[in-house]
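The file query00.csv comes next; it holds CSV, N, CA, C and O atoms.
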```csv
chain,number,residue,atom,x,y,z
O,1,GLY,N,-33.1,81.0,-82.9
O,1,GLY,CA,-33.0,81.7,-84.1
O,1,GLY,C,-33.3,83.2,-83.8
O,1,GLY,O,-33.9,83.6,-82.9
O,2,LYS,N,-32.7,84.0,-84.7
O,2,LYS,CA,-33.0,85.4,-84.7
O,2,LYS,C,-34.2,85.7,-85.5
O,2,LYS,O,-34.7,84.9,-86.2
O,3,ASN,N,-34.8,86.9,-85.3
O,3,ASN,CA,-36.0,87.3,-85.9
O,3,ASN,C,-36.0,87.1,-87.4
O,3,ASN,O,-37.0,86.7,-88.0
O,4,HIS,N,-34.8,87.3,-88.0
O,4,HIS,CA,-34.8,87.2,-89.5
O,4,HIS,C,-34.6,85.8,-90.0
O,4,HIS,O,-34.5,85.5,-91.2
O,5,ASN,N,-34.6,84.9,-89.1
O,5,ASN,CA,-34.5,83.4,-89.4
O,5,ASN,C,-35.8,82.7,-89.4
O,5,ASN,O,-35.8,81.5,-89.6
O,6,THR,N,-36.9,83.4,-89.1
O,6,THR,CA,-38.2,82.7,-89.0
O,6,THR,C,-39.2,83.4,-89.9
O,6,THR,O,-39.0,84.6,-90.2
O,7,LEU,N,-40.2,82.7,-90.3
O,7,LEU,CA,-41.3,83.3,-91.1
O,7,LEU,C,-42.6,83.0,-90.4
O,7,LEU,O,-42.9,81.9,-89.9
O,8,ALA,N,-43.4,84.1,-90.2
O,8,ALA,CA,-44.7,84.0,-89.6
O,8,ALA,C,-45.6,83.4,-90.7
O,8,ALA,O,-45.4,83.4,-91.9
O,9,ASP,N,-46.7,82.8,-90.3
O,9,ASP,CA,-47.7,82.2,-91.2
O,9,ASP,C,-48.1,83.2,-92.2
O,9,ASP,O,-48.3,82.9,-93.4
O,10,GLU,N,-48.3,84.4,-91.8
O,10,GLU,CA,-48.8,85.5,-92.8
O,10,GLU,C,-47.8,85.7,-93.9
O,10,GLU,O,-48.1,85.9,-95.1
O,11,HIS,N,-46.5,85.6,-93.5
O,11,HIS,CA,-45.4,85.8,-94.5
O,11,HIS,C,-45.4,84.6,-95.5
O,11,HIS,O,-45.2,84.8,-96.7
O,12,ILE,N,-45.5,83.5,-95.0
O,12,ILE,CA,-45.5,82.3,-95.8
O,12,ILE,C,-46.7,82.4,-96.8
O,12,ILE,O,-46.5,82.1,-98.0
O,13,LYS,N,-47.9,82.8,-96.3
O,13,LYS,CA,-49.0,82.9,-97.2
O,13,LYS,C,-48.8,83.9,-98.3
O,13,LYS,O,-49.1,83.7,-99.5
O,14,THR,N,-48.1,85.1,-98.0
O,14,THR,CA,-47.8,86.1,-99.0
O,14,THR,C,-46.9,85.5,-100.0
O,14,THR,O,-47.1,85.8,-101.2
O,15,ILE,N,-45.9,84.8,-99.6
O,15,ILE,CA,-44.9,84.2,-100.6
O,15,ILE,C,-45.6,83.2,-101.5
O,15,ILE,O,-45.5,83.2,-102.7
O,16,VAL,N,-46.4,82.3,-100.9
O,16,VAL,CA,-47.1,81.3,-101.7
O,16,VAL,C,-48.1,81.9,-102.6
O,16,VAL,O,-48.2,81.6,-103.8
O,17,ASP,N,-48.9,83.0,-102.1
O,17,ASP,CA,-49.8,83.6,-103.0
O,17,ASP,C,-49.1,84.3,-104.2
O,17,ASP,O,-49.6,84.2,-105.3
O,18,ALA,N,-48.0,84.9,-104.0
O,18,ALA,CA,-47.3,85.6,-105.1
O,18,ALA,C,-46.8,84.5,-106.1
O,18,ALA,O,-46.8,84.7,-107.3
O,19,TYR,N,-46.3,83.4,-105.6
O,19,TYR,CA,-45.9,82.3,-106.4
O,19,TYR,C,-47.0,81.7,-107.2
O,19,TYR,O,-46.9,81.5,-108.4
O,20,VAL,N,-48.1,81.4,-106.6
O,20,VAL,CA,-49.2,80.7,-107.2
O,20,VAL,C,-49.9,81.6,-108.3
O,20,VAL,O,-50.2,81.2,-109.4
O,21,LYS,N,-50.1,82.9,-107.9
O,21,LYS,CA,-50.8,83.8,-108.8
O,21,LYS,C,-49.8,84.3,-109.9
O,21,LYS,O,-50.3,84.8,-110.9
O,22,ARG,N,-48.5,84.1,-109.8
O,22,ARG,CA,-47.6,84.6,-110.8
O,22,ARG,C,-47.8,86.0,-111.2
O,22,ARG,O,-47.9,86.3,-112.4
O,23,GLU,N,-47.9,86.9,-110.2
O,23,GLU,CA,-48.1,88.3,-110.5
O,23,GLU,C,-47.1,89.1,-109.7
O,23,GLU,O,-46.6,88.8,-108.6
O,24,ASP,N,-46.8,90.3,-110.3
O,24,ASP,CA,-45.9,91.3,-109.6
O,24,ASP,C,-46.6,91.8,-108.3
O,24,ASP,O,-47.8,92.1,-108.4
O,25,VAL,N,-45.8,91.9,-107.3
O,25,VAL,CA,-46.3,92.5,-106.1
O,25,VAL,C,-45.3,93.6,-105.7
O,25,VAL,O,-44.1,93.3,-105.5
O,26,GLU,N,-45.7,94.9,-105.7
O,26,GLU,CA,-44.8,96.0,-105.5
O,26,GLU,C,-43.9,95.8,-104.2
O,26,GLU,O,-44.5,95.4,-103.2
O,27,LYS,N,-42.6,96.0,-104.4
O,27,LYS,CA,-41.7,95.9,-103.3
O,27,LYS,C,-41.6,94.5,-102.7
O,27,LYS,O,-41.1,94.3,-101.6
O,28,PHE,N,-42.1,93.5,-103.5
O,28,PHE,CA,-42.1,92.1,-102.9
O,28,PHE,C,-41.7,91.1,-104.0
O,28,PHE,O,-40.9,90.2,-103.7
O,29,ALA,N,-42.4,91.1,-105.1
O,29,ALA,CA,-42.2,90.0,-106.1
O,29,ALA,C,-42.3,90.6,-107.5
O,29,ALA,O,-43.0,91.5,-107.8
O,30,HIS,N,-41.5,89.9,-108.4
O,30,HIS,CA,-41.6,90.3,-109.8
O,30,HIS,C,-41.5,89.0,-110.6
O,30,HIS,O,-40.7,88.1,-110.3
O,31,VAL,N,-42.4,88.9,-111.6
O,31,VAL,CA,-42.3,87.7,-112.5
O,31,VAL,C,-41.4,88.1,-113.7
O,31,VAL,O,-41.8,89.0,-114.5
O,32,ALA,N,-40.3,87.5,-113.8
O,32,ALA,CA,-39.3,87.7,-114.8
O,32,ALA,C,-39.4,86.6,-115.8
O,32,ALA,O,-39.4,85.4,-115.5
O,33,ASP,N,-39.4,87.0,-117.1
O,33,ASP,CA,-39.3,86.0,-118.1
O,33,ASP,C,-37.8,85.7,-118.4
O,33,ASP,O,-36.9,86.4,-118.0
O,34,MET,N,-37.6,84.7,-119.2
O,34,MET,CA,-36.2,84.2,-119.5
O,34,MET,C,-35.4,85.3,-120.2
O,34,MET,O,-34.2,85.5,-120.0
O,35,ALA,N,-36.1,86.1,-121.1
O,35,ALA,CA,-35.4,87.2,-121.8
O,35,ALA,C,-34.9,88.2,-120.8
O,35,ALA,O,-33.7,88.7,-121.0
O,36,GLU,N,-35.7,88.5,-119.8
O,36,GLU,CA,-35.2,89.5,-118.8
O,36,GLU,C,-34.1,89.0,-118.0
O,36,GLU,O,-33.1,89.7,-117.7
O,37,ILE,N,-34.2,87.7,-117.6
O,37,ILE,CA,-33.1,87.1,-116.8
O,37,ILE,C,-31.8,87.0,-117.7
O,37,ILE,O,-30.7,87.3,-117.1
O,38,GLU,N,-31.9,86.7,-118.9
O,38,GLU,CA,-30.8,86.6,-119.8
O,38,GLU,C,-30.2,88.0,-119.9
O,38,GLU,O,-28.9,88.2,-119.9
O,39,ALA,N,-31.0,89.1,-120.1
O,39,ALA,CA,-30.6,90.4,-120.2
O,39,ALA,C,-29.8,90.9,-118.9
O,39,ALA,O,-28.9,91.7,-119.0
O,40,ASN,N,-30.1,90.2,-117.8
O,40,ASN,CA,-29.4,90.5,-116.6
O,40,ASN,C,-28.2,89.5,-116.4
O,40,ASN,O,-27.8,89.3,-115.2
O,41,ASP,N,-27.7,89.0,-117.5
O,41,ASP,CA,-26.6,88.0,-117.4
O,41,ASP,C,-26.9,86.8,-116.5
O,41,ASP,O,-26.0,86.4,-115.7
O,42,TRP,N,-28.1,86.4,-116.4
O,42,TRP,CA,-28.5,85.2,-115.7
O,42,TRP,C,-28.4,85.5,-114.2
O,42,TRP,O,-28.3,84.5,-113.4
O,43,ASN,N,-28.2,86.7,-113.8
O,43,ASN,CA,-28.1,87.1,-112.4
O,43,ASN,C,-29.5,87.1,-111.7
O,43,ASN,O,-30.4,87.8,-112.1
O,44,LEU,N,-29.7,86.3,-110.7
O,44,LEU,CA,-31.0,86.2,-110.0
O,44,LEU,C,-31.0,86.9,-108.7
O,44,LEU,O,-31.9,86.7,-107.9
O,45,ASN,N,-30.1,87.8,-108.5
O,45,ASN,CA,-30.2,88.6,-107.2
O,45,ASN,C,-31.4,89.4,-107.2
O,45,ASN,O,-31.8,90.1,-108.1
O,46,ILE,N,-32.1,89.4,-106.1
O,46,ILE,CA,-33.4,90.0,-105.9
O,46,ILE,C,-33.4,91.5,-106.3
O,46,ILE,O,-34.4,91.9,-107.0
O,47,PRO,N,-32.5,92.3,-105.9
O,47,PRO,CA,-32.5,93.7,-106.2
O,47,PRO,C,-32.6,94.0,-107.7
O,47,PRO,O,-32.9,95.1,-108.1
O,48,ARG,N,-32.2,93.1,-108.5
O,48,ARG,CA,-32.2,93.3,-110.0
O,48,ARG,C,-33.7,93.3,-110.5
O,48,ARG,O,-34.0,93.8,-111.5
O,49,TYR,N,-34.5,92.7,-109.7
O,49,TYR,CA,-35.9,92.5,-110.2
O,49,TYR,C,-37.0,93.2,-109.3
O,49,TYR,O,-38.0,93.5,-109.7
O,50,VAL,N,-36.7,93.3,-108.0
O,50,VAL,CA,-37.6,93.9,-107.0
O,50,VAL,C,-37.0,95.1,-106.4
O,50,VAL,O,-36.0,95.0,-105.7
O,51,ASP,N,-37.6,96.3,-106.5
O,51,ASP,CA,-37.1,97.5,-105.9
O,51,ASP,C,-37.7,97.6,-104.5
O,51,ASP,O,-39.0,97.8,-104.4
O,52,THR,N,-36.9,97.5,-103.5
O,52,THR,CA,-37.5,97.5,-102.1
O,52,THR,C,-37.1,98.9,-101.5
O,52,THR,O,-37.4,99.1,-100.3
O,53,TYR,N,-36.6,99.8,-102.2
O,53,TYR,CA,-36.2,101.1,-101.7
O,53,TYR,C,-37.4,101.9,-101.2
O,53,TYR,O,-38.4,101.9,-101.9
O,54,GLU,N,-37.3,102.4,-100.0
O,54,GLU,CA,-38.3,103.3,-99.5
O,54,GLU,C,-37.6,104.6,-99.0
O,54,GLU,O,-36.6,104.6,-98.3
O,55,GLU,N,-38.1,105.7,-99.5
O,55,GLU,CA,-37.5,107.0,-99.3
O,55,GLU,C,-37.7,107.3,-97.8
O,55,GLU,O,-38.8,107.1,-97.2
O,56,GLU,N,-36.7,107.8,-97.2
O,56,GLU,CA,-36.8,108.2,-95.8
O,56,GLU,C,-37.3,109.6,-95.7
O,56,GLU,O,-37.2,110.4,-96.6
O,57,GLU,N,-38.0,109.8,-94.5
O,57,GLU,CA,-38.5,111.1,-94.3
O,57,GLU,C,-37.4,112.1,-94.1
O,57,GLU,O,-36.3,111.8,-93.5
O,58,PRO,N,-37.5,113.4,-94.6
O,58,PRO,CA,-36.5,114.3,-94.5
O,58,PRO,C,-36.3,114.7,-93.0
O,58,PRO,O,-37.2,114.7,-92.2
O,59,VAL,N,-35.0,115.0,-92.7
O,59,VAL,CA,-34.7,115.3,-91.3
O,59,VAL,C,-34.8,116.8,-91.1
O,59,VAL,O,-34.3,117.6,-91.9
O,60,ASP,N,-35.5,117.2,-90.1
O,60,ASP,CA,-35.7,118.6,-89.7
O,60,ASP,C,-34.5,119.1,-89.0
O,60,ASP,O,-34.3,118.9,-87.8
O,61,LEU,N,-33.5,119.7,-89.7
O,61,LEU,CA,-32.2,120.0,-89.1
O,61,LEU,C,-32.4,121.1,-88.0
O,61,LEU,O,-31.6,121.1,-87.1
O,62,GLU,N,-33.3,122.0,-88.2
O,62,GLU,CA,-33.5,123.1,-87.2
O,62,GLU,C,-34.0,122.4,-85.9
O,62,GLU,O,-33.5,122.8,-84.8
O,63,ALA,N,-34.9,121.4,-86.0
O,63,ALA,CA,-35.4,120.8,-84.8
O,63,ALA,C,-34.2,120.0,-84.1
O,63,ALA,O,-34.1,120.0,-82.9
O,64,VAL,N,-33.4,119.4,-84.9
O,64,VAL,CA,-32.2,118.6,-84.4
O,64,VAL,C,-31.3,119.6,-83.7
O,64,VAL,O,-30.8,119.3,-82.6
O,65,ARG,N,-31.0,120.8,-84.3
O,65,ARG,CA,-30.2,121.7,-83.7
O,65,ARG,C,-30.8,122.2,-82.4
O,65,ARG,O,-30.1,122.4,-81.3
O,66,ASP,N,-32.1,122.5,-82.4
O,66,ASP,CA,-32.7,122.9,-81.1
O,66,ASP,C,-32.7,121.8,-80.0
O,66,ASP,O,-32.4,122.1,-78.9
O,67,ASP,N,-32.8,120.6,-80.4
O,67,ASP,CA,-32.7,119.5,-79.5
O,67,ASP,C,-31.3,119.4,-78.9
O,67,ASP,O,-31.1,119.2,-77.7
O,68,ILE,N,-30.3,119.6,-79.7
O,68,ILE,CA,-28.9,119.6,-79.3
O,68,ILE,C,-28.6,120.7,-78.3
O,68,ILE,O,-28.0,120.5,-77.2
O,69,LYS,N,-29.1,121.9,-78.6
O,69,LYS,CA,-29.0,123.0,-77.7
O,69,LYS,C,-29.7,122.7,-76.3
O,69,LYS,O,-29.1,123.0,-75.3
O,70,ARG,N,-30.9,122.2,-76.4
O,70,ARG,CA,-31.6,121.9,-75.2
O,70,ARG,C,-30.9,120.8,-74.4
O,70,ARG,O,-30.7,121.0,-73.2
O,71,ILE,N,-30.4,119.8,-75.0
O,71,ILE,CA,-29.6,118.7,-74.3
O,71,ILE,C,-28.4,119.3,-73.7
O,71,ILE,O,-28.0,118.9,-72.6
O,72,GLU,N,-27.6,120.1,-74.4
O,72,GLU,CA,-26.4,120.7,-73.9
O,72,GLU,C,-26.7,121.6,-72.7
O,72,GLU,O,-26.0,121.6,-71.7
O,73,GLY,N,-27.9,122.3,-72.7
O,73,GLY,CA,-28.3,123.1,-71.6
O,73,GLY,C,-28.6,122.2,-70.4
O,73,GLY,O,-28.2,122.5,-69.2
O,74,GLU,N,-29.3,121.1,-70.6
O,74,GLU,CA,-29.6,120.2,-69.5
O,74,GLU,C,-28.3,119.5,-68.9
O,74,GLU,O,-28.2,119.4,-67.7
O,75,LYS,N,-27.4,119.2,-69.8
O,75,LYS,CA,-26.1,118.7,-69.4
O,75,LYS,C,-25.4,119.6,-68.5
O,75,LYS,O,-24.9,119.3,-67.5
O,76,LYS,N,-25.3,120.9,-69.0
O,76,LYS,CA,-24.6,121.9,-68.2
O,76,LYS,C,-25.3,122.1,-66.8
O,76,LYS,O,-24.6,122.2,-65.8
O,77,ALA,N,-26.6,122.1,-66.8
O,77,ALA,CA,-27.3,122.3,-65.5
O,77,ALA,C,-27.0,121.1,-64.6
O,77,ALA,O,-26.8,121.3,-63.4
O,78,ALA,N,-26.9,119.9,-65.1
O,78,ALA,CA,-26.6,118.7,-64.3
O,78,ALA,C,-25.2,118.7,-63.8
O,78,ALA,O,-24.9,118.4,-62.6
O,79,VAL,N,-24.2,119.1,-64.7
O,79,VAL,CA,-22.8,119.2,-64.2
O,79,VAL,C,-22.7,120.3,-63.2
O,79,VAL,O,-22.0,120.1,-62.1
O,80,ASP,N,-23.3,121.4,-63.4
O,80,ASP,CA,-23.3,122.5,-62.4
O,80,ASP,C,-23.8,122.1,-61.0
O,80,ASP,O,-23.3,122.3,-60.0
O,81,LYS,N,-24.9,121.3,-61.1
O,81,LYS,CA,-25.5,120.8,-59.8
O,81,LYS,C,-24.6,119.8,-59.1
O,81,LYS,O,-24.4,119.9,-57.9
O,82,ALA,N,-24.0,118.9,-59.9
O,82,ALA,CA,-23.1,117.9,-59.3
O,82,ALA,C,-21.9,118.6,-58.7
O,82,ALA,O,-21.4,118.3,-57.6
O,83,GLU,N,-21.3,119.6,-59.4
O,83,GLU,CA,-20.2,120.3,-58.9
O,83,GLU,C,-20.5,121.1,-57.6
O,83,GLU,O,-19.8,121.1,-56.7
O,84,SER,N,-21.7,121.6,-57.6
O,84,SER,CA,-22.2,122.3,-56.4
O,84,SER,C,-22.3,121.4,-55.2
O,84,SER,O,-21.9,121.7,-54.1
O,85,MET,N,-22.8,120.2,-55.4
O,85,MET,CA,-22.9,119.2,-54.4
O,85,MET,C,-21.5,118.8,-53.9
O,85,MET,O,-21.3,118.6,-52.7
O,86,LEU,N,-20.6,118.6,-54.8
O,86,LEU,CA,-19.3,118.2,-54.4
O,86,LEU,C,-18.6,119.3,-53.6
O,86,LEU,O,-17.9,119.0,-52.6
O,87,ARG,N,-18.8,120.6,-54.0
O,87,ARG,CA,-18.3,121.7,-53.2
O,87,ARG,C,-18.8,121.6,-51.8
O,87,ARG,O,-18.1,121.9,-50.8
O,88,GLN,N,-20.1,121.4,-51.7
O,88,GLN,CA,-20.8,121.3,-50.3
O,88,GLN,C,-20.2,120.2,-49.5
O,88,GLN,O,-20.1,120.3,-48.3
O,89,LEU,N,-19.7,119.1,-50.1
O,89,LEU,CA,-19.1,118.0,-49.4
O,89,LEU,C,-17.6,118.3,-49.2
O,89,LEU,O,-16.9,117.5,-48.6
O,90,GLY,N,-17.1,119.4,-49.7
O,90,GLY,CA,-15.7,119.7,-49.5
O,90,GLY,C,-14.8,119.0,-50.5
O,90,GLY,O,-13.6,118.8,-50.2
O,91,LEU,N,-15.3,118.5,-51.6
O,91,LEU,CA,-14.5,117.8,-52.5
O,91,LEU,C,-14.2,118.6,-53.7
O,91,LEU,O,-14.9,119.4,-54.3
```
Show how you would write the structure in this file as C-alpha cells.
Amino acid sequence: GKNHNTLADEHIKTIVDAYVKREDVEKFAHVADMAEIEANDWNLNIPRYVDTYEEEEPVDLEAVRDDIKRIEGEKKAAVDKAESMLRQLGL
C-alpha cells in the first residue's frame, strides 16, 4: 500500500474521538445536522463541511531571483571549466 492507504493508530484514535464526542474539530471534522445537509442538496462531500485550506507562506521573489542569478553564475563557471578542460585535451 501507499502511504495514503494506511492509518496510524493515532489517526484512528483522532477519528474515533471526533465521532464519539460529536464535536467540530477545526480542519478535521464537522457535525452537520440534517437541515445543513439538506441545504447542501444532500451532498456529503467533505469540503462542503470541513475547510482544510491552509494558506501558503508568501514567496520572496527577490530571494528567488537572487538564487536564479547565483545558479546561472555557477552553471556558467562549470561550463567554462568543462570547455577549458576539453580545449586542453584538444577537443
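Here atom O of Val16 in chain O and atom N of Glu56 in chain O stand 29.4 Å from one another.
The residue that comes closest to His30 in chain O, out of O:Val50, O:Leu61, O:Ile71, O:Ile15 and on the basis of only N, CA, C and O atoms, is O:Val50.
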- prompt: Out of chain O, which residues get alpha helix (DSSP H) from DSSP, as a count of residues only?
  reply: 47
- prompt: Of the candidates O:Val20, O:Lys76, O:Thr6, O:Val31, which shows the shortest atom-to-atom distance to Tyr49 in chain O, using all atoms listed in the file?
  reply: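 Selected residue with least distance to Tyr49 in chain O: O:Val31.
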statement: As a check of understanding: the span from CA of Glu26 in chain O to CA of Ile46 in chain O is 12.9 Å
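Here CA of Asn5 in chain O is placed at a distance of 23.0 Å from CA of Arg48 in chain O.
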